[in-house]
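Note: the block below is start_7.tsv and it holds TSV, C-alpha atoms.
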```tsv
chain	number	residue	atom	x	y	z
A	10	PRO	CA	53.49	119.63	45.50
A	11	ALA	CA	52.48	121.76	42.52
A	12	GLN	CA	54.10	119.36	40.04
A	13	TRP	CA	52.39	116.39	41.68
A	14	LEU	CA	49.05	118.17	41.51
A	15	VAL	CA	49.54	118.85	37.80
A	16	ALA	CA	50.33	115.18	37.13
A	17	CYS	CA	47.23	114.01	38.99
A	18	SER	CA	45.05	116.63	37.35
A	19	GLU	CA	45.77	115.25	33.88
A	20	SER	CA	43.77	112.14	34.73
A	21	LEU	CA	41.11	113.85	36.84
A	22	GLN	CA	40.52	116.80	34.51
A	23	PRO	CA	38.43	118.77	37.08
A	24	PRO	CA	36.25	121.72	36.00
A	25	ALA	CA	37.83	125.18	35.79
A	26	THR	CA	35.75	126.50	38.66
A	27	MET	CA	33.90	124.78	41.46
A	28	ALA	CA	30.92	126.03	43.43
A	29	THR	CA	29.43	124.37	46.49
A	30	GLN	CA	30.30	120.88	45.33
A	31	SER	CA	27.82	120.57	42.41
A	32	LEU	CA	28.83	117.92	39.88
A	33	ARG	CA	27.48	118.03	36.35
A	34	MET	CA	27.76	114.27	35.93
A	35	SER	CA	25.42	111.44	36.79
A	36	PRO	CA	26.41	109.16	39.71
A	37	SER	CA	26.73	106.20	37.34
A	38	SER	CA	29.08	107.98	34.92
A	39	LEU	CA	31.19	109.52	37.69
A	40	ALA	CA	31.66	106.15	39.38
A	41	HIS	CA	33.70	104.93	36.36
A	42	THR	CA	36.09	107.89	36.35
A	43	PRO	CA	39.31	108.29	38.39
A	44	LEU	CA	37.40	110.75	40.57
A	45	GLY	CA	34.78	108.13	41.37
A	46	ARG	CA	37.53	105.82	42.64
A	47	ALA	CA	39.54	108.53	44.43
A	48	SER	CA	40.82	108.42	47.96
A	49	CYS	CA	40.90	111.28	50.44
A	50	GLY	CA	44.40	111.48	51.92
A	51	SER	CA	45.63	107.94	52.52
A	52	ARG	CA	42.21	106.49	53.32
A	53	ARG	CA	40.14	104.93	50.56
A	54	VAL	CA	36.58	106.23	50.34
A	55	ALA	CA	33.69	104.94	48.26
A	56	PRO	CA	31.63	107.47	46.31
A	57	ARG	CA	28.23	108.26	47.86
A	58	PHE	CA	25.63	110.50	46.31
A	59	ALA	CA	22.51	112.46	47.25
A	60	SER	CA	20.14	113.76	44.61
A	61	ASN	CA	19.68	117.51	44.29
A	62	GLY	CA	17.61	118.30	41.18
A	63	ASN	CA	19.66	117.33	38.16
A	64	ALA	CA	22.94	117.49	40.08
A	65	ALA	CA	24.68	114.95	42.28
A	66	LYS	CA	26.67	115.71	45.40
A	67	TRP	CA	29.81	113.85	46.35
A	68	ARG	CA	29.87	112.93	50.03
A	69	ALA	CA	33.48	112.26	50.95
A	70	GLN	CA	35.46	111.76	54.12
A	71	TRP	CA	35.40	114.64	56.60
A	72	ILE	CA	38.76	116.25	57.31
A	73	GLU	CA	39.56	118.22	60.46
A	74	THR	CA	42.25	120.81	61.06
A	75	ARG	CA	42.96	122.14	64.55
A	76	VAL	CA	45.36	124.97	65.45
A	77	ARG	CA	46.13	126.50	68.86
A	78	VAL	CA	48.21	129.65	69.33
A	79	PRO	CA	48.96	132.09	72.18
A	80	VAL	CA	47.88	135.70	71.63
A	81	LYS	CA	48.46	138.86	73.62
A	82	VAL	CA	44.76	139.56	73.88
A	83	SER	CA	42.56	139.14	76.92
A	84	VAL	CA	39.87	136.47	76.91
A	85	ASP	CA	37.23	139.18	77.34
A	86	GLN	CA	38.33	141.10	74.25
A	87	ALA	CA	38.88	137.98	72.16
A	88	TRP	CA	35.45	136.66	73.10
A	89	GLU	CA	33.65	139.86	72.16
A	90	MET	CA	35.44	140.16	68.82
A	91	TRP	CA	34.82	136.56	67.72
A	92	ARG	CA	31.18	136.81	68.76
A	93	ASP	CA	30.80	139.63	66.24
A	94	LYS	CA	30.92	137.27	63.27
A	95	GLU	CA	30.79	139.96	60.59
A	96	GLN	CA	34.24	141.11	61.76
A	97	ILE	CA	35.88	137.73	61.13
A	98	PRO	CA	36.91	138.45	57.48
A	99	ARG	CA	39.12	141.26	58.84
A	100	TRP	CA	41.58	138.65	60.10
A	101	MET	CA	40.53	135.68	57.95
A	102	PRO	CA	40.77	137.06	54.38
A	103	TRP	CA	39.82	133.74	52.77
A	104	ILE	CA	36.40	134.22	54.37
A	105	THR	CA	35.34	136.99	52.01
A	106	SER	CA	32.07	137.82	53.79
A	107	ILE	CA	29.76	136.85	56.64
A	108	GLU	CA	26.24	138.22	56.65
A	109	VAL	CA	24.18	137.77	59.81
A	110	GLN	CA	20.44	137.49	59.20
A	111	ASP	CA	18.54	140.36	60.79
A	112	ASP	CA	15.47	138.30	61.69
A	113	LYS	CA	17.47	135.25	62.85
A	114	PRO	CA	20.85	136.37	64.24
A	115	GLU	CA	21.81	132.77	64.99
A	116	LEU	CA	22.01	132.23	61.21
A	117	SER	CA	24.67	133.69	58.94
A	118	LYS	CA	25.73	133.32	55.31
A	119	TRP	CA	29.45	132.68	54.82
A	120	THR	CA	31.43	132.95	51.58
A	121	LEU	CA	34.91	131.48	51.15
A	122	SER	CA	37.46	132.01	48.39
A	123	THR	CA	41.00	130.73	47.97
A	124	ASP	CA	42.01	133.86	46.02
A	125	ASN	CA	43.54	135.48	49.12
A	126	THR	CA	45.50	132.44	50.30
A	127	PRO	CA	48.67	130.54	49.32
A	128	LEU	CA	46.35	127.90	47.86
A	129	LYS	CA	45.62	130.25	44.96
A	130	ASP	CA	48.87	129.51	43.12
A	131	VAL	CA	48.77	125.78	43.83
A	132	LEU	CA	45.20	125.44	42.62
A	133	ALA	CA	45.82	127.70	39.63
A	134	SER	CA	48.53	125.25	38.51
A	135	VAL	CA	45.78	122.65	37.97
A	136	GLY	CA	43.21	125.07	36.61
A	137	GLN	CA	41.26	125.41	39.84
A	138	ARG	CA	39.69	128.34	41.64
A	139	LEU	CA	37.62	127.52	44.71
A	140	GLU	CA	34.71	129.53	46.04
A	141	TYR	CA	32.02	128.19	48.34
A	142	SER	CA	29.12	129.58	50.33
A	143	TRP	CA	26.96	128.14	53.07
A	144	LEU	CA	24.38	129.02	55.69
A	145	ALA	CA	25.70	128.48	59.20
A	146	LYS	CA	23.81	128.08	62.44
A	147	ASP	CA	25.33	129.09	65.77
A	148	LEU	CA	25.35	126.32	68.35
A	149	LYS	CA	24.96	127.04	72.05
A	150	PRO	CA	28.09	128.90	73.21
A	151	VAL	CA	29.97	128.34	76.46
A	152	GLU	CA	30.51	131.84	77.87
A	153	LYS	CA	34.10	133.00	77.26
A	154	GLN	CA	35.16	129.41	76.58
A	155	LYS	CA	33.77	128.23	73.27
A	156	ILE	CA	31.80	129.34	70.23
A	157	HIS	CA	30.87	126.89	67.52
A	158	TRP	CA	28.71	126.59	64.43
A	159	ARG	CA	27.76	124.19	61.66
A	160	ALA	CA	26.58	124.57	58.09
A	161	ILE	CA	22.92	123.74	57.54
A	162	ASP	CA	22.94	124.46	53.80
A	163	GLY	CA	25.66	124.69	51.15
A	164	PHE	CA	29.27	123.55	51.60
A	165	PRO	CA	29.30	120.95	54.42
A	166	ASN	CA	31.49	122.11	57.32
A	167	LYS	CA	31.55	122.96	61.01
A	168	GLY	CA	33.88	124.97	63.19
A	169	SER	CA	34.72	126.17	66.67
A	170	VAL	CA	36.92	128.63	68.52
A	171	ARG	CA	37.96	127.91	72.10
A	172	PHE	CA	39.40	130.43	74.55
A	173	PHE	CA	41.99	129.59	77.23
A	174	PRO	CA	43.06	132.39	79.61
A	175	ARG	CA	46.77	132.72	80.42
A	176	ASN	CA	46.68	135.95	82.43
A	177	ALA	CA	44.71	139.20	82.48
A	178	MET	CA	46.03	140.31	79.07
A	179	GLU	CA	46.79	137.06	77.25
A	180	CYS	CA	45.01	133.91	76.19
A	181	GLU	CA	45.30	130.98	73.84
A	182	LEU	CA	42.95	130.48	70.92
A	183	GLU	CA	42.18	127.09	69.44
A	184	MET	CA	40.36	126.96	66.14
A	185	ALA	CA	39.03	123.72	64.70
A	186	ILE	CA	37.43	123.37	61.28
A	187	SER	CA	35.95	120.20	59.82
A	188	TYR	CA	34.82	119.94	56.21
A	189	GLU	CA	34.05	117.47	53.47
A	190	CYS	CA	36.94	117.00	51.08
A	191	PRO	CA	35.76	119.11	48.09
A	192	SER	CA	34.78	117.34	44.91
A	193	GLY	CA	37.71	116.87	42.55
A	194	LEU	CA	40.33	117.41	45.28
A	195	GLU	CA	40.15	114.11	47.14
A	196	LEU	CA	43.57	113.05	45.84
A	197	PHE	CA	45.08	116.37	46.93
A	198	ALA	CA	43.97	116.28	50.58
A	199	GLY	CA	47.42	115.31	51.83
A	200	VAL	CA	48.89	118.42	50.19
A	201	LEU	CA	46.10	120.86	51.05
A	202	THR	CA	45.68	119.98	54.73
A	203	PRO	CA	49.07	121.28	55.99
A	204	MET	CA	48.55	124.43	53.93
A	205	ILE	CA	45.21	125.02	55.61
A	206	ASP	CA	46.84	124.49	59.02
A	207	THR	CA	49.34	127.23	58.15
A	208	ILE	CA	46.62	129.55	56.87
A	209	ILE	CA	44.62	129.26	60.09
A	210	GLN	CA	47.74	129.80	62.20
A	211	GLN	CA	48.42	133.00	60.25
A	212	ASP	CA	44.78	134.05	60.67
A	213	LEU	CA	44.98	133.73	64.46
A	214	LYS	CA	48.17	135.79	64.58
A	215	ARG	CA	46.51	138.33	62.29
A	216	PHE	CA	43.64	138.43	64.78
A	217	GLU	CA	46.13	139.23	67.54
A	218	THR	CA	47.53	142.16	65.55
A	219	TYR	CA	44.09	143.49	64.72
A	220	ALA	CA	42.81	143.14	68.30
A	221	ARG	CA	45.80	144.99	69.73
A	222	GLN	CA	45.30	147.81	67.20
A	223	GLN	CA	41.68	148.09	68.28
A	224	ARG	CA	42.78	148.32	71.90
A	225	GLU	CA	45.16	151.23	71.30
```

Take the structure from the file and write it as structure tokens.
Amino acid sequence: PAQWLVACSESLQPPATMATQSLRMSPSSLAHTPLGRASCGSRRVAPRFASNGNAAKWRAQWIETRVRVPVKVSVDQAWEMWRDKEQIPRWMPWITSIEVQDDKPELSKWTLSTDNTPLKDVLASVGQRLEYSWLAKDLKPVEKQKIHWRAIDGFPNKGSVRFFPRNAMECELEMAISYECPSGLELFAGVLTPMIDTIIQQDLKRFETYARQQRE
């Protein structure tokens, strides 16, 4: 995968760093580049733009990843820990911080970085380092069954965690994340998606370890 990414990057020539999908090109000039004609995964997508000052934003196909794993943690404990959003980076290291707003606790600022994931080496091979931030709004939860949120500003994404009891001390967690294919990486979606699946699976098992330590 790394060699394929390098070959593709020679024609795309993406910027060295990327932040919340800002492109320093006009829509008309980008449309004539390989990026402007890129596809996300195997599906062809046409470039669409929305003005934001002097920048343009690429609006690509949304991609969803969904992972479900059993954990030796009760639904009650899992629910309480996931509801405390500022704890999430303890078991999801690629989420570097979550800051809940004091005056509006339903809103929180999230920051993501690939530096603490296996994606770091793959992206570094094509001169990439990804870091994004966004403001998320909590959606109405279903008590001890589902929490979910969506970005209202910044990197477009939404996510959910669902809780399925197995017995008094075990449950299953299902995490789903949907996001816009980041600018410059549309051609790499087929490579990145299985890696993200693996990362989330590891995060949920890391949560299990952390939760059990907290219980002891």

Sel. within 10 Å of pt (37.0, 137.7, 65.5), counting only C-alpha atoms, output as an MDAnalysis selection string: chainID A and resid 86:101 170 212:213 216:217 219:220

Contacts of A:Asn176 at 9 Å (all atoms listed in the file; same-chain gap of 4+ positions) as a PyMOL selection string: chain A and resi 83-84+180

Restricted to C-alpha atoms, what would the selected residues look like written as a short mmCIF file (atom, residue, chain, number, x, y, z; two decimals), in the coordinates of the input?
```cif
data_model
loop_
_atom_site.label_atom_id
_atom_site.label_comp_id
_atom_site.auth_asym_id
_atom_site.auth_seq_id
_atom_site.Cartn_x
_atom_site.Cartn_y
_atom_site.Cartn_z
CA SER A 83 42.56 139.14 76.92
CA VAL A 84 39.87 136.47 76.91
CA CYS A 180 45.01 133.91 76.19
#
```

Minimum-distance residue to A:Val76, chosen among A:Val109, A:Ile209, A:Leu128, A:Val200 (using only C-alpha atoms):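 With only C-alpha atoms as the atom set, the closest residue is A:Ile209.
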
Point-to-point distance in Å for atom CA of A:Val82 and atom CA of A:Met178: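 Atom CA of A:Val82 lies 5.4 Å from atom CA of A:Met178.
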
Considering all atoms listed in the file, return as a PDB file with C-alpha atoms, keeping the file's coordinate frame whatever protein or nucleic-acid residues lie within 6 Å of stretch 136-152 of chain A, sequence-local ones (same chain, fewer than 3 positions apart) excluded.
```
ATOM      1  CA  ALA A  25      37.830 125.180  35.790  1.00  0.00           C
ATOM      2  CA  THR A  26      35.750 126.500  38.660  1.00  0.00           C
ATOM      3  CA  MET A  27      33.900 124.780  41.460  1.00  0.00           C
ATOM      4  CA  ALA A  28      30.920 126.030  43.430  1.00  0.00           C
ATOM      5  CA  THR A  29      29.430 124.370  46.490  1.00  0.00           C
ATOM      6  CA  GLU A 115      21.810 132.770  64.990  1.00  0.00           C
ATOM      7  CA  LEU A 116      22.010 132.230  61.210  1.00  0.00           C
ATOM      8  CA  SER A 117      24.670 133.690  58.940  1.00  0.00           C
ATOM      9  CA  LYS A 118      25.730 133.320  55.310  1.00  0.00           C
ATOM     10  CA  TRP A 119      29.450 132.680  54.820  1.00  0.00           C
ATOM     11  CA  THR A 120      31.430 132.950  51.580  1.00  0.00           C
ATOM     12  CA  LEU A 121      34.910 131.480  51.150  1.00  0.00           C
ATOM     13  CA  SER A 122      37.460 132.010  48.390  1.00  0.00           C
ATOM     14  CA  THR A 123      41.000 130.730  47.970  1.00  0.00           C
ATOM     15  CA  LEU A 132      45.200 125.440  42.620  1.00  0.00           C
ATOM     16  CA  ALA A 133      45.820 127.700  39.630  1.00  0.00           C
ATOM     17  CA  LYS A 155      33.770 128.230  73.270  1.00  0.00           C
ATOM     18  CA  ILE A 156      31.800 129.340  70.230  1.00  0.00           C
ATOM     19  CA  HIS A 157      30.870 126.890  67.520  1.00  0.00           C
ATOM     20  CA  TRP A 158      28.710 126.590  64.430  1.00  0.00           C
ATOM     21  CA  ARG A 159      27.760 124.190  61.660  1.00  0.00           C
ATOM     22  CA  ALA A 160      26.580 124.570  58.090  1.00  0.00           C
ATOM     23  CA  ILE A 161      22.920 123.740  57.540  1.00  0.00           C
ATOM     24  CA  ASP A 162      22.940 124.460  53.800  1.00  0.00           C
ATOM     25  CA  GLY A 163      25.660 124.690  51.150  1.00  0.00           C
ATOM     26  CA  PHE A 164      29.270 123.550  51.600  1.00  0.00           C
TER      27      PHE A 164
END
```

Between atom CA of A:Ile205 and atom CA of A:Gln223 - distance in Å to one decimal: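 Atom-to-atom, atom CA of A:Gln223 to atom CA of A:Ile205, that is 26.6 Å.
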
Atomic distance atom CA of A:Trp71 - atom CA of A:Glu189, expressed in Å with one decimal: 4.4 Å

A:Gln154, A:Tyr188, A:Gln210, A:Pro127 ranked by distance to A:Phe173, top pick (using only C-alpha atoms):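 Residue with the minimum atom-to-atom distance to A:Phe173: A:Gln154.
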
From A:Lys113, A:Lys153, A:Lys129, A:Lys214, residue lying nearest A:Arg77 [only C-alpha atoms]: A:Lys214
